[in-house]
Amino acid sequence: MEINIPEVVAEVTVAFERYEKALVSNDVAVLDELFWNSPHTLRYGVTENLYGYEAIANFRKNRSPANLERSLMNTVITTYGRKFATANIEFQRQSSNRTGRQSQTWMRTEEGWRIVSAHVSLLATPD
């Protein structure tokens, strides 16, 4: 298996950047499009565990659009062959000094690259 084939990394990077732009602008249609429409898709958030595409879509539809701007740090995209990839980042919201982490697993489908698993968490604040 080839790791980080340049053109595959480029494809996933475009998909990831599209996701990030949709996230901070609350473009729910694009966010929904970029998650794999399957009951096998999951997203663990800071305050929620979502199992299946429908649960993720409902969360997005009902989420507040306030304070979504963030700065990305340490973005690492790794591809495994031509059909599988991970994207991992650290981020900081404009309204907070806490560091967050986001992991996404991407899979190439007939419709394009889709997120099949995601995890978002915040680091504990120092005492």
# chains A, B, ... in the order shown; residues from 1 in each chain; ligands from 1
$ residues_around --residues "Leu31 (chain A)" --least-positions-apart "2" --cutoff "9 Å" --atoms "only C-alpha atoms" --output "JSON, numbers by chain"
{"A": [18, 19, 20, 22, 23, 26, 27, 28, 29, 33, 34, 35, 57, 60]}
$ write_last_selection --atoms "C-alpha atoms" --output "tab-separated table (two decimals), in the first residue's frame"
chain	number	residue	atom	x	y	z
A	18	ARG	CA	-14.22	22.44	1.68
A	19	TYR	CA	-15.44	20.88	4.94
A	20	GLU	CA	-13.62	23.48	7.03
A	22	ALA	CA	-18.57	24.88	5.37
A	23	LEU	CA	-18.07	24.33	9.10
A	26	ASN	CA	-22.48	26.84	8.92
A	27	ASP	CA	-23.16	25.59	5.39
A	28	VAL	CA	-25.22	22.63	6.55
A	29	ALA	CA	-25.88	21.36	3.01
A	33	GLU	CA	-22.89	16.15	1.68
A	34	LEU	CA	-19.39	15.45	3.00
A	35	PHE	CA	-20.51	12.85	5.54
A	57	ALA	CA	-27.53	15.60	9.96
A	60	ARG	CA	-26.02	19.98	12.23
$ residues_around --residues "Glu90 (chain A)" --least-positions-apart "5" --cutoff "9 Å" --atoms "only C-alpha atoms" --output "short mmCIF file (atom, residue, chain, number, x, y, z; two decimals) with N, CA and C atoms, in the first residue's frame"
data_model
loop_
_atom_site.label_atom_id
_atom_site.label_comp_id
_atom_site.auth_asym_id
_atom_site.auth_seq_id
_atom_site.Cartn_x
_atom_site.Cartn_y
_atom_site.Cartn_z
N SER A 71 -9.13 28.87 14.39
CA SER A 71 -7.82 28.82 13.75
C SER A 71 -7.33 27.38 13.80
N LEU A 72 -6.78 26.92 12.69
CA LEU A 72 -6.26 25.56 12.62
C LEU A 72 -4.77 25.55 12.90
N MET A 73 -4.33 24.48 13.56
CA MET A 73 -2.91 24.29 13.84
C MET A 73 -2.59 22.82 13.60
N ASN A 74 -1.44 22.56 13.10
CA ASN A 74 -0.94 21.18 12.98
C ASN A 74 -1.88 20.26 12.21
N THR A 75 -2.27 20.66 11.02
CA THR A 75 -3.10 19.81 10.17
C THR A 75 -2.23 18.69 9.58
N THR A 99 -7.61 24.49 23.51
CA THR A 99 -7.21 23.80 22.28
C THR A 99 -8.13 22.61 22.05
N GLY A 100 -8.63 22.53 20.83
CA GLY A 100 -9.45 21.40 20.44
C GLY A 100 -8.70 20.49 19.49
N ARG A 101 -9.23 19.28 19.36
CA ARG A 101 -8.65 18.31 18.43
C ARG A 101 -9.78 17.72 17.60
N GLN A 102 -9.48 17.49 16.34
CA GLN A 102 -10.46 16.91 15.43
C GLN A 102 -9.78 15.84 14.60
N SER A 103 -10.41 14.68 14.54
CA SER A 103 -9.93 13.59 13.70
C SER A 103 -11.06 13.19 12.77
#
$ residues_around --residues "Glu2 (chain A)" --least-positions-apart "2" --cutoff "10 Å" --atoms "only C-alpha atoms" --output "list in words"
Asn4, Ile5, Thr79, Tyr80, Gly81 and Arg82 of chain A
$ closest_residue --among "A:Glu7, A:Val14, A:Val116, A:Ile89" --to "Tyr53 (chain A)" --atoms "only C-alpha atoms"
A:Val116
$ select_by_dssp --residues "chain A" --states "alpha helix (DSSP H)" --output "ChimeraX atom specification"
/A:6-25,28-34,53-62
$ residues_around --residues "Phe84 (chain A)" --least-positions-apart "4" --cutoff "10 Å" --atoms "only C-alpha atoms" --output "list in words"
Ile3, Val8, Val12, Thr78, Thr79, Tyr80, Thr105, Trp106, Met107, Arg108, Thr109, Trp113, Arg114 and Ile115 of chain A
$ write_last_selection --atoms "C-alpha atoms" --output "CSV table (one decimal), in the first residue's frame"
chain,number,residue,atom,x,y,z
A,3,ILE,CA,1.2,6.1,1.7
A,8,VAL,CA,-4.6,11.6,-3.5
A,12,VAL,CA,-8.4,14.8,0.3
A,78,THR,CA,-2.4,11.0,5.5
A,79,THR,CA,-3.7,8.8,2.7
A,80,TYR,CA,-3.5,5.1,2.6
A,105,THR,CA,-11.6,9.3,8.6
A,106,TRP,CA,-12.3,9.8,4.9
A,107,MET,CA,-13.2,7.1,2.3
A,108,ARG,CA,-13.4,7.5,-1.5
A,109,THR,CA,-17.0,6.7,-2.6
A,113,TRP,CA,-14.5,11.7,-0.7
A,114,ARG,CA,-16.8,11.3,2.4
A,115,ILE,CA,-16.2,11.4,6.1
$ atom_distance --atom1 "CA of Ser38 (chain A)" --atom2 "CA of Ser25 (chain A)"
24.4 Å
$ atom_distance --atom1 "CA of Phe91 (chain A)" --atom2 "CA of Leu50 (chain A)"
21.0 Å
$ closest_residue --among "A:Asn49, A:Asn67, A:Gln94, A:Ser117" --to "Trp36 (chain A)" --atoms "only C-alpha atoms"
A:Ser117
$ select_by_dssp --residues "chain A" --states "strand (DSSP E)" --output "PyMOL selection string"
chain A and resi 42-44+49-51+70-80+84-93+99-109+112-122
$ closest_residue --among "A:Thr86, A:Gln92, A:Ser64, A:Gln104" --to "Tyr44 (chain A)" --atoms "only C-alpha atoms"
A:Gln104
$ atom_distance --atom1 "CA of Arg70 (chain A)" --atom2 "CA of Ser95 (chain A)"
8.4 Å
$ decode --residues "region 34-108 of chain A" --atoms "C-alpha atoms" --output "PDB file, in the first residue's frame"
ATOM      1  CA  LEU A  34     -19.386  15.453   3.005  1.00  0.00           C
ATOM      2  CA  PHE A  35     -20.507  12.851   5.538  1.00  0.00           C
ATOM      3  CA  TRP A  36     -21.101   9.363   4.176  1.00  0.00           C
ATOM      4  CA  ASN A  37     -24.848   8.761   4.057  1.00  0.00           C
ATOM      5  CA  SER A  38     -24.814   5.505   6.010  1.00  0.00           C
ATOM      6  CA  PRO A  39     -25.980   4.139   9.342  1.00  0.00           C
ATOM      7  CA  HIS A  40     -22.321   3.119   9.844  1.00  0.00           C
ATOM      8  CA  THR A  41     -21.109   6.738   9.948  1.00  0.00           C
ATOM      9  CA  LEU A  42     -20.394   8.172  13.385  1.00  0.00           C
ATOM     10  CA  ARG A  43     -19.321  11.420  14.978  1.00  0.00           C
ATOM     11  CA  TYR A  44     -18.171  11.846  18.559  1.00  0.00           C
ATOM     12  CA  GLY A  45     -18.424  15.507  19.507  1.00  0.00           C
ATOM     13  CA  VAL A  46     -17.454  17.496  22.561  1.00  0.00           C
ATOM     14  CA  THR A  47     -20.894  16.952  24.124  1.00  0.00           C
ATOM     15  CA  GLU A  48     -22.580  14.340  21.921  1.00  0.00           C
ATOM     16  CA  ASN A  49     -22.137  10.864  20.444  1.00  0.00           C
ATOM     17  CA  LEU A  50     -23.875  10.555  17.084  1.00  0.00           C
ATOM     18  CA  TYR A  51     -24.447   7.213  15.403  1.00  0.00           C
ATOM     19  CA  GLY A  52     -25.518   7.185  11.768  1.00  0.00           C
ATOM     20  CA  TYR A  53     -25.847   9.819   9.074  1.00  0.00           C
ATOM     21  CA  GLU A  54     -29.359  10.864  10.163  1.00  0.00           C
ATOM     22  CA  ALA A  55     -28.249  11.657  13.721  1.00  0.00           C
ATOM     23  CA  ILE A  56     -25.312  13.697  12.414  1.00  0.00           C
ATOM     24  CA  ALA A  57     -27.533  15.605   9.963  1.00  0.00           C
ATOM     25  CA  ASN A  58     -30.081  16.365  12.712  1.00  0.00           C
ATOM     26  CA  PHE A  59     -27.310  17.653  14.970  1.00  0.00           C
ATOM     27  CA  ARG A  60     -26.018  19.978  12.234  1.00  0.00           C
ATOM     28  CA  LYS A  61     -29.517  21.246  11.442  1.00  0.00           C
ATOM     29  CA  ASN A  62     -30.185  22.157  15.087  1.00  0.00           C
ATOM     30  CA  ARG A  63     -26.755  23.444  16.103  1.00  0.00           C
ATOM     31  CA  SER A  64     -26.236  27.122  16.869  1.00  0.00           C
ATOM     32  CA  PRO A  65     -24.330  28.967  14.133  1.00  0.00           C
ATOM     33  CA  ALA A  66     -22.658  31.258  16.719  1.00  0.00           C
ATOM     34  CA  ASN A  67     -18.920  31.214  17.477  1.00  0.00           C
ATOM     35  CA  LEU A  68     -17.864  28.773  14.755  1.00  0.00           C
ATOM     36  CA  GLU A  69     -14.741  30.665  13.627  1.00  0.00           C
ATOM     37  CA  ARG A  70     -11.520  28.932  14.534  1.00  0.00           C
ATOM     38  CA  SER A  71      -7.822  28.819  13.752  1.00  0.00           C
ATOM     39  CA  LEU A  72      -6.256  25.557  12.618  1.00  0.00           C
ATOM     40  CA  MET A  73      -2.906  24.291  13.843  1.00  0.00           C
ATOM     41  CA  ASN A  74      -0.941  21.182  12.980  1.00  0.00           C
ATOM     42  CA  THR A  75      -3.096  19.811  10.169  1.00  0.00           C
ATOM     43  CA  VAL A  76      -1.953  16.298   9.218  1.00  0.00           C
ATOM     44  CA  ILE A  77      -3.560  14.555   6.250  1.00  0.00           C
ATOM     45  CA  THR A  78      -2.404  11.014   5.537  1.00  0.00           C
ATOM     46  CA  THR A  79      -3.653   8.842   2.707  1.00  0.00           C
ATOM     47  CA  TYR A  80      -3.498   5.057   2.572  1.00  0.00           C
ATOM     48  CA  GLY A  81      -3.654   3.855  -0.995  1.00  0.00           C
ATOM     49  CA  ARG A  82      -6.255   5.611  -3.153  1.00  0.00           C
ATOM     50  CA  LYS A  83      -9.434   5.032  -1.149  1.00  0.00           C
ATOM     51  CA  PHE A  84      -8.753   5.804   2.508  1.00  0.00           C
ATOM     52  CA  ALA A  85      -7.402   8.804   4.432  1.00  0.00           C
ATOM     53  CA  THR A  86      -7.256  10.507   7.794  1.00  0.00           C
ATOM     54  CA  ALA A  87      -7.228  14.196   8.633  1.00  0.00           C
ATOM     55  CA  ASN A  88      -6.167  15.323  12.092  1.00  0.00           C
ATOM     56  CA  ILE A  89      -5.964  18.872  13.351  1.00  0.00           C
ATOM     57  CA  GLU A  90      -5.679  20.995  16.424  1.00  0.00           C
ATOM     58  CA  PHE A  91      -7.820  24.113  16.549  1.00  0.00           C
ATOM     59  CA  GLN A  92      -8.654  27.091  18.694  1.00  0.00           C
ATOM     60  CA  ARG A  93     -12.000  28.888  18.597  1.00  0.00           C
ATOM     61  CA  GLN A  94     -11.886  32.670  18.334  1.00  0.00           C
ATOM     62  CA  SER A  95     -13.986  32.869  21.524  1.00  0.00           C
ATOM     63  CA  SER A  96     -11.817  30.533  23.638  1.00  0.00           C
ATOM     64  CA  ASN A  97      -8.222  29.870  24.584  1.00  0.00           C
ATOM     65  CA  ARG A  98      -8.810  26.092  24.832  1.00  0.00           C
ATOM     66  CA  THR A  99      -7.209  23.802  22.284  1.00  0.00           C
ATOM     67  CA  GLY A 100      -9.455  21.404  20.443  1.00  0.00           C
ATOM     68  CA  ARG A 101      -8.648  18.310  18.433  1.00  0.00           C
ATOM     69  CA  GLN A 102     -10.460  16.912  15.431  1.00  0.00           C
ATOM     70  CA  SER A 103      -9.933  13.588  13.703  1.00  0.00           C
ATOM     71  CA  GLN A 104     -11.687  12.526  10.531  1.00  0.00           C
ATOM     72  CA  THR A 105     -11.583   9.274   8.600  1.00  0.00           C
ATOM     73  CA  TRP A 106     -12.280   9.772   4.888  1.00  0.00           C
ATOM     74  CA  MET A 107     -13.249   7.145   2.316  1.00  0.00           C
ATOM     75  CA  ARG A 108     -13.440   7.488  -1.455  1.00  0.00           C
TER      76      ARG A 108
END
